[in-house]
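Here's the structure, in structure tokens; my notes come after.
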Amino acid sequence: MEIAKIKKTAVIGAGSWGTALAKLLGDKGEQVYLWSHRSEHAAALLRDRENKKYLPGARLPENVQPTDDIRVVSRCQCVLMVVPSHGYRDVFARLAPLLVEDTSLVSAVKGIEIGTRHTMTQVMADELQKIGTGKKLYLGVLSGPSFAEEVAAGQPTAVTVAFKEQHAARSVQHLLSTAFFRVYSSTDVIGLEISASMKNVIAIAAGIADGLGYGLNTRAALITRGLAEITRLGVKLGAHPLTFSGLGGLGDLVLTCTGSLSRNRTVGLKLGQGKSLPQALAEMTMVAEGVKTTKSCFNLAKELGVEMPILEQTYQVLYEGKDCKLAVEELFKRSLKEEMEMG
Ligand SMILES: NC(=O)C1=CN([C@@H]2O[C@H](COP(=O)(O)OP(=O)(O)OC[C@H]3O[C@@H](n4cnc5c(N)ncnc54)[C@H](O)[C@@H]3O)[C@@H](O)[C@H]2O)C=CC1
Ligand SMILES: O=C(CO)COP(=O)(O)O
């Protein structure tokens, strides 16, 4: 199969991850626009060639063009969406009418929309349906264990890109792959999106356990049983079970539950150390998607009748003020089960 060459890419969202992806592509010699929703931020990126707030120390090469003009998407064959989930729909709705035929739209976002409980590719599909473009557009997702800071520093990293259409997955795979950034392809879009979003919830739980002073046994139990919950939810939504042992599943779950760079784990750590959620969030400069996604996935799991006890306890800690220690105790007090039981 011939792989379509992407000549220009727009990275929409100039936070840590959008900036790291733009730098990755720029360093590879690709033509890239990096869009920020704030004009003064786009101007600072242009002036400094560095994102001082979200990715300090990483130099943006000259072929990365910072901009606040969303119309650049009409010149691109690939649009990487890296706006946090709470702002995703609004930004996508603005750019959707400007897209040209055969563009690949890739969500690099790890969250589920609160009101609709939709994944980001579902949000894009909704918005495209509303305007009825009639154009052939491909909707995909990029995920995997990839802290922005490490990607910007050129640390060997492996991730996955999924599209229902294999040819689109292959062309984005080729676009993003470099000597240190290895991209696998998949067709399991929903599986990758559910893993990406739910791993943030389990990372908050793992941070809580660390903050309470529990040890490595507790963390490993949360990772493993967390993976069982994520798999149950994903499979119910039509995902392939093996996706959850891949880079976007187990890989990202381990990274986020153990890595000190994780914002989600950090929020959990602060909660476990006795801070309130507003206090913990006030101390963060970057987005921790798991906070909102806990609510969306809690409602999604209830709606679908999927048992997710770690998610449920995390929800109660975040949104009902439950004591962290009690939440762990209640997880352990549940009726005894067979390991492979679906509950
Ligand atoms: N930072 C990382 O290591 C990775 C992050 N991700 C995912 O990428 C997504 C973006 O995260 P980061 O870049 O890390 O966030 P960040 O907190 O570093 O930056 C967020 C960016 O979004 C902008 N923003 C905030 N609200 C907005 C709105 N309503 N509309 C438009 N723009 C808005 C901010 O100005 C900022 O530029 C998240 O879903 C995250 O889970 C995925 C892989 C790695
Ligand atoms: O998704 C990530 C790495 O793969 C980043 O995780 P945090 O958002 O918790 O920092």
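Following the order of the structure tokens, first chain is A, next is B, and so on, with residues numbered from 1 inside each chain and ligands from 1 in the order they appear.
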Quiz prompt | Env. residues ligand 1 / 9 Å / only C-alpha atoms and all ligand atoms / as a PyMOL selection string | solution = chain A and resi 12-20+35-38+41+53-55+81-91+107-111+142-151+196-197+200+261-264+284-290
Exercise. Name the residues of range 13-117 of chain A that come out as helix (DSSP H, G or I) in a backbone DSSP run; write them as a ChimeraX atom specification.
Key: /A:16-27,39-48,70-75,85-98
Quiz prompt | Backbone-only DSSP, strand (DSSP E) members of range 45-257 of chain A, as a ChimeraX atom specification | solution = /A:50-51,55-59,64-67,78-81,104-107,138-143,157-163,181-186
Quiz item: Could you pull the residues within 8 Å of Ser171 in chain A, counting only C-alpha atoms, minus those fewer than 2 positions along the same chain, as a ChimeraX atom specification?
Solution: /A:3-6,167-169,173-175
Generate a file of the selected residues that holds C-alpha atoms, formatted as a PDB file, in the first residue's frame.
ATOM      1  CA  ILE A   3       1.761   5.758   2.087  1.00  0.00           C
ATOM      2  CA  ALA A   4       0.380   9.252   1.529  1.00  0.00           C
ATOM      3  CA  LYS A   5       2.970  11.939   2.316  1.00  0.00           C
ATOM      4  CA  ILE A   6       1.835  14.675   4.673  1.00  0.00           C
ATOM      5  CA  HIS A 167      -3.800   3.831   5.425  1.00  0.00           C
ATOM      6  CA  ALA A 168      -4.373   6.942   7.554  1.00  0.00           C
ATOM      7  CA  ALA A 169      -2.739   5.269  10.559  1.00  0.00           C
ATOM      8  CA  GLN A 173       2.854   6.743  11.786  1.00  0.00           C
ATOM      9  CA  HIS A 174       5.403   7.686   9.131  1.00  0.00           C
ATOM     10  CA  LEU A 175       4.927  11.399   9.704  1.00  0.00           C
TER      11      LEU A 175
END
Practice problem: Compile the contact shell of range 66-75 of chain A as a ChimeraX atom specification: residues with an atom at most 10 Å away, counting only C-alpha atoms, same-chain residues fewer than 4 positions apart removed. | Solution: /A:7-14,19,22,32-47,49,60,62,79-80,91-92,94-101,103
